$ cat work.csv   # CSV, C-alpha atoms
chain,number,residue,atom,x,y,z
A,13,MET,CA,25.9,39.4,52.5
A,14,GLU,CA,25.5,35.8,53.2
A,15,SER,CA,28.3,33.6,51.8
A,16,TRP,CA,27.6,30.2,50.2
A,17,SER,CA,29.4,27.2,51.4
A,18,LEU,CA,30.7,24.6,49.0
A,19,LYS,CA,28.1,22.2,50.5
A,20,ASP,CA,25.3,24.6,49.7
A,21,LEU,CA,26.5,25.1,46.1
A,22,ARG,CA,26.7,21.3,45.6
A,23,TRP,CA,23.2,20.9,47.0
A,24,ILE,CA,21.8,23.6,44.6
A,25,HIS,CA,23.6,22.0,41.7
A,26,HIS,CA,22.2,18.6,42.6
A,27,SER,CA,18.6,19.9,43.0
A,28,ASN,CA,18.9,21.7,39.6
A,29,LEU,CA,19.9,18.5,38.0
A,30,MET,CA,17.0,16.7,39.6
A,31,VAL,CA,14.5,19.3,38.3
A,32,LYS,CA,15.9,19.0,34.8
A,33,LYS,CA,15.6,15.2,35.0
A,34,ILE,CA,12.0,15.3,36.1
A,35,GLN,CA,11.1,17.9,33.4
A,36,LYS,CA,12.7,15.7,30.8
A,37,GLU,CA,10.8,12.6,31.9
A,38,SER,CA,7.5,14.4,32.0
A,39,ASN,CA,8.1,15.8,28.5
A,40,GLY,CA,8.9,12.3,27.3
A,41,ARG,CA,5.6,11.0,28.7
A,42,LYS,CA,3.8,13.9,27.0
A,43,THR,CA,5.2,13.1,23.6
A,44,LYS,CA,4.5,9.4,24.1
A,45,LYS,CA,0.9,10.2,24.8
A,46,LYS,CA,0.7,12.3,21.7
A,47,THR,CA,1.9,9.5,19.4
A,48,GLN,CA,-0.5,7.0,20.8
A,49,PRO,CA,-4.1,8.0,19.8
A,50,SER,CA,-7.0,7.2,22.1
A,51,TRP,CA,-9.7,4.7,21.1
A,52,ILE,CA,-12.2,7.6,20.6
A,53,ASP,CA,-9.7,9.3,18.2
A,54,SER,CA,-9.3,6.0,16.3
A,55,PHE,CA,-13.1,5.4,16.1
A,56,THR,CA,-13.7,9.0,14.9
A,57,LYS,CA,-11.0,8.7,12.2
A,58,ALA,CA,-12.4,5.4,11.0
A,59,ALA,CA,-15.9,6.8,10.9
A,60,LYS,CA,-14.8,9.9,9.0
A,61,GLY,CA,-13.0,7.7,6.5
A,62,ILE,CA,-16.1,5.5,5.9
A,63,PHE,CA,-18.6,8.4,5.8
A,64,SER,CA,-16.5,10.4,3.3
A,65,MET,CA,-16.8,7.3,1.0
A,66,LEU,CA,-20.5,6.6,1.5
A,67,PRO,CA,-22.0,8.8,-1.3
A,68,VAL,CA,-19.8,7.1,-3.9
A,69,ILE,CA,-20.4,3.6,-2.5
A,70,ALA,CA,-24.1,4.2,-2.5
A,71,GLY,CA,-23.9,5.5,-6.1
A,72,VAL,CA,-21.9,2.4,-7.2
A,73,ILE,CA,-24.6,0.1,-5.6
A,74,LEU,CA,-27.3,2.0,-7.4
A,75,LEU,CA,-25.4,1.6,-10.7
A,76,LEU,CA,-25.1,-2.2,-9.9
A,77,GLY,CA,-28.9,-2.3,-9.6
A,78,LEU,CA,-29.3,-0.8,-13.1
A,79,PHE,CA,-26.9,-3.4,-14.6
A,80,LYS,CA,-28.6,-6.2,-12.9
A,81,THR,CA,-32.0,-5.2,-14.3
A,82,PHE,CA,-31.1,-4.2,-17.8
A,83,VAL,CA,-28.2,-6.5,-18.8
A,84,THR,CA,-29.4,-10.1,-19.2
A,85,GLU,CA,-27.5,-13.4,-19.8
A,86,GLU,CA,-28.9,-13.7,-23.3
A,87,MET,CA,-27.6,-10.3,-24.2
A,88,ILE,CA,-24.1,-11.3,-23.1
A,89,THR,CA,-24.1,-14.6,-24.9
A,90,ALA,CA,-25.3,-13.0,-28.2
A,91,LEU,CA,-22.1,-10.8,-28.3
A,92,PHE,CA,-19.7,-13.6,-28.9
A,93,ARG,CA,-18.8,-14.3,-32.6
A,94,GLY,CA,-16.8,-17.5,-32.6
A,95,VAL,CA,-13.5,-15.8,-33.5
A,96,PHE,CA,-10.8,-16.9,-31.0
A,97,PHE,CA,-9.0,-13.6,-30.2
A,98,ILE,CA,-12.0,-11.3,-30.8
A,99,ASP,CA,-14.0,-13.4,-28.5
A,100,GLY,CA,-11.3,-13.1,-25.9
A,101,LEU,CA,-11.3,-9.4,-26.2
A,102,ILE,CA,-15.1,-9.3,-26.0
A,103,GLY,CA,-14.9,-11.5,-22.9
A,104,SER,CA,-12.4,-9.2,-21.2
A,105,LEU,CA,-14.4,-6.1,-22.1
A,106,LEU,CA,-17.7,-7.5,-20.9
A,107,GLY,CA,-16.1,-8.8,-17.7
A,108,SER,CA,-14.7,-5.3,-17.1
A,109,ILE,CA,-18.0,-3.5,-17.6
A,110,LEU,CA,-20.2,-6.0,-15.9
A,111,THR,CA,-20.0,-6.6,-12.2
A,112,GLY,CA,-21.6,-8.5,-9.4
A,113,ASN,CA,-21.0,-11.6,-7.4
A,114,ALA,CA,-18.2,-13.8,-8.8
A,115,ILE,CA,-20.7,-16.8,-8.8
A,116,THR,CA,-22.7,-14.9,-11.5
A,117,SER,CA,-19.7,-14.9,-13.7
A,118,TYR,CA,-19.2,-18.7,-13.2
A,119,LEU,CA,-22.8,-19.2,-14.2
A,120,ILE,CA,-22.5,-17.1,-17.3
A,121,GLY,CA,-19.1,-18.6,-18.1
A,122,HIS,CA,-20.6,-22.1,-17.9
A,123,GLU,CA,-23.5,-21.1,-20.1
A,124,LEU,CA,-21.0,-19.6,-22.6
A,125,LEU,CA,-18.9,-22.8,-22.7
A,126,SER,CA,-22.1,-24.8,-23.4
A,127,LYS,CA,-22.7,-22.5,-26.4
A,128,GLN,CA,-19.3,-23.4,-27.8
A,129,VAL,CA,-17.6,-20.1,-26.8
A,130,SER,CA,-13.9,-20.8,-26.4
A,131,LEU,CA,-12.3,-21.5,-22.9
A,132,PHE,CA,-10.0,-18.6,-23.7
A,133,ALA,CA,-12.9,-16.1,-24.0
A,134,VAL,CA,-14.7,-17.5,-21.0
A,135,THR,CA,-11.6,-17.3,-18.8
A,136,ALA,CA,-10.9,-13.8,-20.0
A,137,PHE,CA,-14.5,-12.9,-19.1
A,138,MET,CA,-14.4,-14.4,-15.6
A,139,VAL,CA,-11.0,-13.0,-14.7
A,140,SER,CA,-11.8,-9.5,-15.8
A,141,TRP,CA,-15.2,-9.8,-14.0
A,142,VAL,CA,-13.4,-10.1,-10.7
A,143,THR,CA,-10.3,-8.0,-11.3
A,144,VAL,CA,-11.4,-5.0,-13.4
A,145,GLY,CA,-14.1,-2.7,-12.2
A,146,PHE,CA,-15.3,0.1,-14.5
A,147,VAL,CA,-18.5,0.5,-12.3
A,148,GLN,CA,-16.4,0.8,-9.1
A,149,LEU,CA,-13.9,3.1,-10.8
A,150,PRO,CA,-15.5,6.3,-9.3
A,151,ALA,CA,-15.2,4.9,-5.8
A,152,GLU,CA,-11.7,3.7,-6.3
A,153,MET,CA,-10.5,7.0,-7.8
A,154,THR,CA,-12.0,8.9,-4.9
A,155,ALA,CA,-10.2,6.8,-2.4
A,156,LEU,CA,-6.9,5.9,-4.0
A,157,GLY,CA,-6.4,8.5,-6.7
A,158,LYS,CA,-7.0,8.7,-10.4
A,159,ARG,CA,-3.5,7.6,-11.5
A,160,PHE,CA,-3.5,4.4,-9.3
A,161,SER,CA,-7.1,3.4,-10.2
A,162,LEU,CA,-6.7,3.9,-13.9
A,163,LEU,CA,-3.3,2.2,-14.0
A,164,ARG,CA,-4.5,-0.8,-11.9
A,165,ASN,CA,-7.6,-1.3,-14.0
A,166,ALA,CA,-5.7,-1.0,-17.2
A,167,VAL,CA,-3.0,-3.5,-16.1
A,168,SER,CA,-5.8,-5.9,-14.7
A,169,PHE,CA,-7.5,-5.7,-18.1
A,170,LEU,CA,-4.4,-6.7,-20.0
A,171,LEU,CA,-3.6,-9.4,-17.5
A,172,SER,CA,-7.0,-10.9,-17.9
A,173,PHE,CA,-6.1,-11.6,-21.5
A,174,VAL,CA,-2.7,-13.0,-20.5
A,175,VAL,CA,-4.1,-15.1,-17.7
A,176,ALA,CA,-6.8,-16.5,-20.0
A,177,GLY,CA,-4.1,-17.4,-22.6
A,178,LEU,CA,-1.9,-19.1,-19.9
A,179,VAL,CA,-4.8,-21.0,-18.4
A,180,THR,CA,-5.9,-22.3,-21.8
A,181,PHE,CA,-2.4,-23.3,-22.7
A,182,THR,CA,-1.8,-25.1,-19.4
A,183,MET,CA,-5.1,-26.9,-19.7
A,184,GLU,CA,-4.2,-28.0,-23.2
A,185,VAL,CA,-0.8,-29.3,-22.0
A,186,LEU,CA,-2.4,-31.1,-19.1
A,187,ALA,CA,-5.0,-32.7,-21.4
B,32,MET,CA,-4.6,23.5,2.0
B,33,LYS,CA,-4.2,21.5,-1.2
B,34,GLN,CA,-5.3,18.3,0.6
B,35,GLU,CA,-8.4,20.0,1.9
B,36,LYS,CA,-9.3,21.3,-1.6
B,37,ASN,CA,-8.9,17.7,-2.9
B,38,LYS,CA,-11.1,16.4,-0.1
B,39,THR,CA,-13.9,18.8,-0.9
B,40,LYS,CA,-13.5,18.0,-4.6
B,41,LYS,CA,-13.8,14.3,-3.9
B,42,ASN,CA,-16.8,14.8,-1.6
B,43,LEU,CA,-18.5,17.0,-4.3
B,44,PHE,CA,-17.8,14.3,-6.9
B,45,GLY,CA,-19.3,11.6,-4.7
B,46,ILE,CA,-22.4,13.6,-3.9
B,47,SER,CA,-23.0,14.5,-7.5
B,48,PHE,CA,-22.4,10.9,-8.6
B,49,LEU,CA,-25.0,9.8,-6.1
B,50,LEU,CA,-27.4,12.5,-7.2
B,51,ILE,CA,-27.2,11.5,-10.8
B,52,MET,CA,-27.9,7.9,-9.9
B,53,LEU,CA,-30.9,9.0,-7.8
B,54,CYS,CA,-32.2,11.1,-10.7
B,55,ILE,CA,-31.9,8.0,-13.0
B,56,TYR,CA,-33.9,6.0,-10.5
B,57,ALA,CA,-36.5,8.7,-10.2
B,58,ILE,CA,-36.9,8.7,-14.1
B,59,MET,CA,-37.1,4.9,-14.0
B,60,PHE,CA,-39.8,5.0,-11.4
B,61,ILE,CA,-41.9,7.2,-13.7
B,62,LEU,CA,-41.2,5.3,-16.9
B,63,ASP,CA,-40.8,1.7,-15.9
B,64,SER,CA,-42.0,0.8,-12.3
B,65,VAL,CA,-41.3,-2.9,-12.8
B,66,ALA,CA,-37.6,-2.3,-13.6
B,67,PHE,CA,-37.4,0.2,-10.8
B,68,SER,CA,-38.7,-2.3,-8.2
B,69,GLN,CA,-36.3,-5.0,-9.6
B,70,SER,CA,-33.3,-2.6,-9.2
B,71,VAL,CA,-34.4,-1.4,-5.8
B,72,HIS,CA,-34.9,-5.0,-4.7
B,73,TYR,CA,-31.3,-5.8,-5.8
B,74,VAL,CA,-29.9,-2.7,-4.2
B,75,GLY,CA,-31.7,-3.7,-0.9
B,76,SER,CA,-30.1,-7.2,-1.0
B,77,VAL,CA,-26.6,-5.7,-1.7
B,78,LEU,CA,-27.1,-3.3,1.3
B,79,TYR,CA,-28.2,-6.2,3.5
B,80,THR,CA,-25.0,-8.2,2.8
B,81,LEU,CA,-22.9,-5.1,3.0
B,82,ILE,CA,-23.7,-3.9,6.5
B,83,PRO,CA,-21.9,-6.6,8.4
B,84,VAL,CA,-18.8,-6.0,6.1
B,85,LEU,CA,-19.1,-2.3,6.8
B,86,ILE,CA,-19.0,-2.9,10.5
B,87,LEU,CA,-16.0,-5.3,10.1
B,88,VAL,CA,-14.1,-2.7,8.0
B,89,PHE,CA,-15.0,0.0,10.6
B,90,VAL,CA,-13.5,-2.2,13.4
B,91,ILE,CA,-10.4,-3.0,11.4
B,92,MET,CA,-9.9,0.6,10.6
B,93,SER,CA,-10.2,1.6,14.2
B,94,VAL,CA,-7.8,-1.1,15.4
B,95,PHE,CA,-5.3,-0.1,12.7
B,96,HIS,CA,-5.5,3.5,13.8
B,97,TYR,CA,-5.0,2.6,17.4
B,98,TYR,CA,-2.2,0.1,17.1
B,99,LEU,CA,-0.4,0.6,13.7
B,100,LYS,CA,2.1,3.3,13.4
B,101,PRO,CA,3.3,4.6,10.1
B,102,LYS,CA,6.7,3.1,10.9
B,103,THR,CA,5.3,-0.4,11.3
B,104,ILE,CA,3.3,-0.2,8.1
B,105,SER,CA,6.3,1.1,6.2
B,106,LYS,CA,8.3,-1.8,7.6
B,107,TYR,CA,5.8,-4.6,6.6
B,108,LEU,CA,3.9,-3.0,3.7
B,109,GLY,CA,5.8,0.0,2.6
B,110,VAL,CA,8.1,0.5,-0.4
B,111,GLY,CA,11.0,-1.8,0.1
B,112,ALA,CA,9.3,-4.1,2.6
B,113,GLY,CA,10.5,-7.1,0.4
B,114,TRP,CA,9.0,-10.6,0.3
B,115,LYS,CA,7.1,-10.0,3.6
B,116,GLY,CA,5.0,-7.3,1.9
B,117,TRP,CA,4.2,-9.4,-1.1
B,118,PHE,CA,3.4,-12.4,1.0
B,119,LEU,CA,1.2,-10.5,3.5
B,120,SER,CA,-0.8,-8.5,0.8
B,121,THR,CA,-1.4,-11.8,-1.1
B,122,ILE,CA,-2.6,-13.7,1.9
B,123,PHE,CA,-4.8,-10.8,3.2
B,124,GLY,CA,-6.2,-10.4,-0.3
B,125,ILE,CA,-7.2,-14.0,-0.6
B,126,PHE,CA,-8.8,-14.2,2.9
B,127,SER,CA,-10.5,-10.8,2.8
B,128,HIS,CA,-14.2,-10.8,1.9
B,129,GLY,CA,-17.1,-8.4,1.1
B,130,SER,CA,-17.4,-6.0,-1.7
B,131,ILE,CA,-14.2,-4.5,-3.1
B,132,TYR,CA,-15.4,-0.9,-2.6
B,133,MET,CA,-15.8,-1.4,1.2
B,134,TRP,CA,-12.0,-1.8,1.4
B,135,TYR,CA,-11.2,1.5,-0.4
B,136,PRO,CA,-11.5,3.8,2.7
B,137,LEU,CA,-9.3,1.4,4.7
B,138,PHE,CA,-6.6,1.5,2.0
B,139,GLN,CA,-6.9,5.2,1.6
B,140,GLN,CA,-5.9,5.6,5.2
B,141,ILE,CA,-3.3,2.8,5.3
B,142,HIS,CA,-1.7,4.3,2.2
B,143,GLN,CA,-1.4,7.7,3.9
B,144,LYS,CA,0.4,5.8,6.7
B,145,GLY,CA,2.9,4.3,4.3
B,146,MET,CA,1.5,1.3,2.5
B,147,SER,CA,2.8,1.1,-1.0
B,148,TYR,CA,0.6,1.2,-4.1
B,149,GLY,CA,2.1,-2.1,-5.3
B,150,PHE,CA,0.9,-4.0,-2.2
B,151,ILE,CA,-2.6,-2.4,-2.4
B,152,ALA,CA,-2.8,-3.6,-6.0
B,153,VAL,CA,-1.7,-7.1,-5.0
B,154,PHE,CA,-4.4,-7.2,-2.2
B,155,LEU,CA,-7.1,-6.0,-4.6
B,156,TYR,CA,-6.1,-8.5,-7.3
B,157,ASN,CA,-6.0,-11.4,-4.9
B,158,ARG,CA,-9.5,-10.5,-3.6
B,159,SER,CA,-10.6,-12.2,-6.9
B,160,VAL,CA,-9.5,-15.5,-5.4
B,161,LYS,CA,-12.7,-16.4,-3.6
B,162,ILE,CA,-12.1,-19.2,-1.1
B,163,PRO,CA,-15.8,-19.6,-0.2
B,164,LEU,CA,-16.8,-19.8,-3.8
B,165,LEU,CA,-14.2,-22.5,-4.8
B,166,PRO,CA,-16.8,-25.3,-4.5
B,167,ALA,CA,-18.9,-23.5,-7.1
B,168,LEU,CA,-16.0,-23.0,-9.4
B,169,ILE,CA,-15.0,-26.7,-9.1
B,170,LEU,CA,-18.6,-27.7,-9.8
B,171,TYR,CA,-18.9,-25.8,-13.0
B,172,PHE,CA,-15.3,-26.0,-14.4
B,173,GLY,CA,-13.6,-29.0,-12.6
B,174,LEU,CA,-10.8,-29.2,-10.1
B,175,THR,CA,-7.9,-29.0,-12.6
B,176,TYR,CA,-9.2,-25.8,-14.2
B,177,THR,CA,-9.8,-24.3,-10.7
B,178,VAL,CA,-6.3,-25.0,-9.5
B,179,VAL,CA,-4.7,-23.8,-12.8
B,180,LEU,CA,-6.7,-20.6,-12.8
B,181,LEU,CA,-6.0,-19.8,-9.1
B,182,VAL,CA,-2.2,-20.4,-9.5
B,183,TRP,CA,-2.0,-18.1,-12.6
B,184,MET,CA,-4.2,-15.5,-10.9
B,185,ILE,CA,-1.9,-15.3,-7.8
B,186,ILE,CA,1.1,-15.0,-10.1
B,187,ALA,CA,-0.7,-12.3,-12.1
B,188,GLY,CA,-1.5,-10.4,-8.9
B,189,LEU,CA,2.2,-10.3,-8.0
B,190,ILE,CA,3.1,-9.2,-11.6
B,191,GLU,CA,0.5,-6.4,-11.4
B,192,GLY,CA,1.9,-5.3,-8.0
B,193,LYS,CA,5.4,-5.2,-9.4
B,194,ILE,CA,4.3,-3.1,-12.4
B,195,ILE,CA,2.5,-0.6,-10.2
B,196,THR,CA,5.4,-0.5,-7.8
B,197,VAL,CA,7.8,0.4,-10.6
B,198,ILE,CA,5.5,3.1,-12.0
B,199,LEU,CA,4.0,4.7,-8.9
B,200,ASP,CA,6.0,3.9,-5.8
B,201,ARG,CA,9.0,6.0,-5.2
B,202,PRO,CA,11.8,4.2,-3.2
B,203,VAL,CA,12.5,5.8,0.2
B,204,SER,CA,15.5,8.0,0.1
B,205,PRO,CA,18.4,6.7,2.4
B,206,ILE,CA,18.9,10.4,3.4
B,207,GLN,CA,15.4,10.5,5.0
$ encode --input "work.csv" --output "structure tokens"
Amino acid sequence: MESWSLKDLRWIHHSNLMVKKIQKESNGRKTKKKTQPSWIDSFTKAAKGIFSMLPVIAGVILLLGLFKTFVTEEMITALFRGVFFIDGLIGSLLGSILTGNAITSYLIGHELLSKQVSLFAVTAFMVSWVTVGFVQLPAEMTALGKRFSLLRNAVSFLLSFVVAGLVTFTMEVLA
Amino acid sequence: MKQEKNKTKKNLFGISFLLIMLCIYAIMFILDSVAFSQSVHYVGSVLYTLIPVLILVFVIMSVFHYYLKPKTISKYLGVGAGWKGWFLSTIFGIFSHGSIYMWYPLFQQIHQKGMSYGFIAVFLYNRSVKIPLLPALILYFGLTYTVVLLVWMIIAGLIEGKIITVILDRPVSPIQ
């Protein structure tokens, strides 16, 4: 039997420690690599996210096309009755249902003002046009969930009324 | 398993929604070809403006995936991010552009990484403040009205975010 000297034992102990240290470092590097995704992974994930939404987005664009064709400015103007709060409510409702470029809402809003519709109703209409989206709701629900989408649109609808009131009040004070 | 089921359900919903729309267009083509061509023309113009935004969103999503970690998002835009979160989501919302639905996939993924619902709501609300369209708003309604409207809308966006945070966002447990 060969006997181990103290020097040998120390050497074995030291080399064991070195092996453990190298293993630990390489494990650390591995986990670091795992948390940092590659560019290909990032592109794939982004593409997957967009492609999963494409059918709904395409559907929403087609729905927008229908609105653009069948809902005219004259039809919108004819809906206002000249009653302050009811006009505000009609403005909010119309703005929520209709959709499109914000500049279209400015044009319609300007047209409504020239036809003696109140500033309150016109503001409610323009604010809900850009903040509430019944047409986009299917896409929003698919991406962000039913609860969030319904709540966000309901709060935006109520706030369009509040913002219209505050804007009208501020304008009167400033005037 | 449940997530996969939800995903399939969402995909099915999207595809059936698209199919219904295509059916309506097919019926319109048979009954009223003028209305059909008007709608198709409008859809074409929307798609034309949408493609650059889609590419932009794709690039932003990829960069976010690569650089942003859930921990970073939680820090700046997660529940309890504080004033930084409100400020960032308001600014991003004001300066973002393109159709609102193009941003949904991005927020779907950032929310999964830790962005709070409140800040998503603030972003989406502030998208209504359109910087490039301000000259048009001033032209039709005047400078005073434009400034008053924008100030109240930014405040309303923050109120909406707060309401949604209170209802939907659960505060992070200190034990976690």
$ closest_residue --input "work.csv" --among "A:Val31, A:Val142, A:Leu110, A:Leu156" --to "B:Pro136" --atoms "all atoms listed in the file"
A:Leu156
$ closest_residue --input "work.csv" --among "A:Phe55, A:Phe79, A:Phe132, A:Phe169" --to "chain B" --atoms "only C-alpha atoms"
A:Phe55
$ residues_around --input "work.csv" --residues "B:Trp117" --least-positions-apart "4" --cutoff "9 Å" --atoms "only C-alpha atoms" --output "number ranges by chain"
B: 108, 112-113, 121-122, 149-150, 153-154, 189, 192
$ write_last_selection --input "work.csv" --atoms "C-alpha atoms" --output "compact mmCIF listing (two decimals), keeping the file's coordinate frame"
# COMPACT_ATOMS: atom_id res chain seq x y z
CA LEU B 108 3.90 -3.00 3.70
CA ALA B 112 9.30 -4.10 2.60
CA GLY B 113 10.50 -7.10 0.40
CA THR B 121 -1.40 -11.80 -1.10
CA ILE B 122 -2.60 -13.70 1.90
CA GLY B 149 2.10 -2.10 -5.30
CA PHE B 150 0.90 -4.00 -2.20
CA VAL B 153 -1.70 -7.10 -5.00
CA PHE B 154 -4.40 -7.20 -2.20
CA LEU B 189 2.20 -10.30 -8.00
CA GLY B 192 1.90 -5.30 -8.00
$ residues_near_point --input "work.csv" --point "(-15.3, -21.1, -31.4)" --cutoff "9 Å" --atoms "all atoms listed in the file" --output "list in words"
Arg93, Gly94, Val95, Phe96, Asp99, Gln128, Val129 and Ser130 of chain A
$ atom_distance --input "work.csv" --atom1 "atom CA of B:Ala187" --atom2 "atom CA of A:Lys158"
22.0 Å
$ interface_residues --input "work.csv" --of "chain A" --to "chain B" --cutoff "6 Å" --atoms "only C-alpha atoms" --output "short mmCIF file (atom, residue, chain, number, x, y, z; two decimals) with C-alpha atoms, keeping the file's coordinate frame"
data_model
loop_
_atom_site.label_atom_id
_atom_site.label_comp_id
_atom_site.auth_asym_id
_atom_site.auth_seq_id
_atom_site.Cartn_x
_atom_site.Cartn_y
_atom_site.Cartn_z
CA PRO A 49 -4.10 8.00 19.80
CA SER A 54 -9.30 6.00 16.30
CA PHE A 55 -13.10 5.40 16.10
CA ALA A 58 -12.40 5.40 11.00
CA GLY A 61 -13.00 7.70 6.50
CA ILE A 62 -16.10 5.50 5.90
CA PRO A 67 -22.00 8.80 -1.30
CA VAL A 68 -19.80 7.10 -3.90
CA GLY A 71 -23.90 5.50 -6.10
CA GLY A 77 -28.90 -2.30 -9.60
CA LEU A 78 -29.30 -0.80 -13.10
CA THR A 81 -32.00 -5.20 -14.30
CA VAL A 142 -13.40 -10.10 -10.70
CA THR A 143 -10.30 -8.00 -11.30
CA THR A 154 -12.00 8.90 -4.90
CA ALA A 155 -10.20 6.80 -2.40
CA LEU A 156 -6.90 5.90 -4.00
CA VAL A 179 -4.80 -21.00 -18.40
#
$ atom_distance --input "work.csv" --atom1 "atom CA of B:Val110" --atom2 "atom CA of B:Ser147"
5.4 Å
$ closest_residue --input "work.csv" --among "B:Pro163, B:Gly111, B:Ser120, B:Leu81" --to "A:Ile115" --atoms "only C-alpha atoms"
B:Pro163
$ axis_aligned_box --input "work.csv" --around "stretch 122-137 of chain B" --padding-each-side "6 Å" --output "AutoDock Vina command-line options"
--center_x -10.0 --center_y -5.2 --center_z 0.8 --size_x 26.8 --size_y 30.0 --size_z 19.8
$ residues_around --input "work.csv" --residues "stretch 100-105 of chain A" --least-positions-apart "3" --cutoff "8 Å" --atoms "all atoms listed in the file" --output "PyMOL selection string"
chain A and resi 91-92+96-97+108-109+132-141+169+172-173
$ atom_distance --input "work.csv" --atom1 "atom CA of A:Leu74" --atom2 "atom CA of B:Ala57"
11.7 Å
$ closest_residue --input "work.csv" --among "A:Thr182, A:Ser126, A:Asn113, A:Gln35" --to "A:Leu76" --atoms "only C-alpha atoms"
A:Asn113
$ closest_residue --input "work.csv" --among "B:Gly116, B:Gly109, B:Pro166, B:Gly145" --to "A:Tyr118" --atoms "all atoms listed in the file"
B:Pro166
$ decode --input "work.csv" --residues "stretch 40-56 of chain B" --atoms "N, CA and C atoms" --output "PDB file, in the first residue's frame"
ATOM      1  N   LYS B  40     -58.345  29.601 -28.263  1.00  0.00           N
ATOM      2  CA  LYS B  40     -59.655  30.247 -28.253  1.00  0.00           C
ATOM      3  C   LYS B  40     -59.568  31.621 -28.917  1.00  0.00           C
ATOM      4  N   LYS B  41     -58.509  32.370 -28.545  1.00  0.00           N
ATOM      5  CA  LYS B  41     -58.306  33.714 -29.095  1.00  0.00           C
ATOM      6  C   LYS B  41     -58.072  33.646 -30.594  1.00  0.00           C
ATOM      7  N   ASN B  42     -57.241  32.667 -31.041  1.00  0.00           N
ATOM      8  CA  ASN B  42     -56.971  32.516 -32.472  1.00  0.00           C
ATOM      9  C   ASN B  42     -58.244  32.199 -33.230  1.00  0.00           C
ATOM     10  N   LEU B  43     -59.065  31.293 -32.648  1.00  0.00           N
ATOM     11  CA  LEU B  43     -60.327  30.909 -33.285  1.00  0.00           C
ATOM     12  C   LEU B  43     -61.245  32.107 -33.405  1.00  0.00           C
ATOM     13  N   PHE B  44     -61.293  32.925 -32.322  1.00  0.00           N
ATOM     14  CA  PHE B  44     -62.128  34.125 -32.326  1.00  0.00           C
ATOM     15  C   PHE B  44     -61.684  35.071 -33.443  1.00  0.00           C
ATOM     16  N   GLY B  45     -60.359  35.293 -33.534  1.00  0.00           N
ATOM     17  CA  GLY B  45     -59.817  36.197 -34.547  1.00  0.00           C
ATOM     18  C   GLY B  45     -60.138  35.722 -35.943  1.00  0.00           C
ATOM     19  N   ILE B  46     -59.948  34.412 -36.182  1.00  0.00           N
ATOM     20  CA  ILE B  46     -60.183  33.872 -37.523  1.00  0.00           C
ATOM     21  C   ILE B  46     -61.673  33.938 -37.875  1.00  0.00           C
ATOM     22  N   SER B  47     -62.551  33.605 -36.887  1.00  0.00           N
ATOM     23  CA  SER B  47     -63.982  33.647 -37.206  1.00  0.00           C
ATOM     24  C   SER B  47     -64.453  35.087 -37.428  1.00  0.00           C
ATOM     25  N   PHE B  48     -63.880  36.039 -36.677  1.00  0.00           N
ATOM     26  CA  PHE B  48     -64.218  37.454 -36.864  1.00  0.00           C
ATOM     27  C   PHE B  48     -63.837  37.909 -38.277  1.00  0.00           C
ATOM     28  N   LEU B  49     -62.644  37.505 -38.699  1.00  0.00           N
ATOM     29  CA  LEU B  49     -62.173  37.851 -40.045  1.00  0.00           C
ATOM     30  C   LEU B  49     -63.060  37.209 -41.116  1.00  0.00           C
ATOM     31  N   LEU B  50     -63.443  35.944 -40.880  1.00  0.00           N
ATOM     32  CA  LEU B  50     -64.285  35.239 -41.853  1.00  0.00           C
ATOM     33  C   LEU B  50     -65.644  35.916 -41.998  1.00  0.00           C
ATOM     34  N   ILE B  51     -66.220  36.337 -40.851  1.00  0.00           N
ATOM     35  CA  ILE B  51     -67.523  37.034 -40.898  1.00  0.00           C
ATOM     36  C   ILE B  51     -67.398  38.307 -41.744  1.00  0.00           C
ATOM     37  N   MET B  52     -66.318  39.058 -41.509  1.00  0.00           N
ATOM     38  CA  MET B  52     -66.096  40.302 -42.261  1.00  0.00           C
ATOM     39  C   MET B  52     -65.954  40.020 -43.754  1.00  0.00           C
ATOM     40  N   LEU B  53     -65.208  38.954 -44.080  1.00  0.00           N
ATOM     41  CA  LEU B  53     -65.016  38.603 -45.494  1.00  0.00           C
ATOM     42  C   LEU B  53     -66.344  38.206 -46.138  1.00  0.00           C
ATOM     43  N   CYS B  54     -67.195  37.503 -45.361  1.00  0.00           N
ATOM     44  CA  CYS B  54     -68.517  37.114 -45.870  1.00  0.00           C
ATOM     45  C   CYS B  54     -69.350  38.359 -46.165  1.00  0.00           C
ATOM     46  N   ILE B  55     -69.311  39.348 -45.227  1.00  0.00           N
ATOM     47  CA  ILE B  55     -70.067  40.598 -45.434  1.00  0.00           C
ATOM     48  C   ILE B  55     -69.587  41.290 -46.712  1.00  0.00           C
ATOM     49  N   TYR B  56     -68.278  41.302 -46.908  1.00  0.00           N
ATOM     50  CA  TYR B  56     -67.729  41.939 -48.115  1.00  0.00           C
ATOM     51  C   TYR B  56     -68.157  41.177 -49.372  1.00  0.00           C
TER      52      TYR B  56
END
